[in-house]
Amino acid sequence: MSCFARYLRNHGVFRPGAHIVPWLTFFVMLLALAGNLYPVPEGAYGKLPLIFLGYLALGLFWFFWSSKRRKLVLEENSSERKLVD
């Protein structure tokens, strides 16, 4: 479920059409990504799509790694609290 839909549900104004907006934005972002990667220009500019993909992959890796690390820290802190209580 998207954050937008969750926000609407928490405020009691959720409607089934609220899922359309996140999916449309996801589709538009995919089109923007495809526009950056194809057609590949010639010469030195031909390497830019590969650099962009590498940068995107690095950002996704960092996001998932840091969120996993944050969950582990939160679980560790909650287990320490149980021992203290």
# chains A, B, ... in the order shown; residues from 1 in each chain; ligands from 1
call {"tool": "residues_around", "arguments": {"residues": "Leu33 (chain A)", "least_positions_apart": "5", "cutoff": "10 Å", "atoms": "only C-alpha atoms", "output": "MDAnalysis selection string"}}
result
chainID A and resid 27:28 38 49 52:53
call {"tool": "residues_around", "arguments": {"residues": "region 17-19 of chain A", "least_positions_apart": "3", "cutoff": "12 Å", "atoms": "only C-alpha atoms", "output": "PyMOL selection string"}}
result
chain A and resi 1-9+13-14+22-26
call {"tool": "select_by_dssp", "arguments": {"residues": "chain A", "states": "alpha helix (DSSP H)", "output": "MDAnalysis selection string"}}
result
chainID A and resid 3:10 20:37 48:84
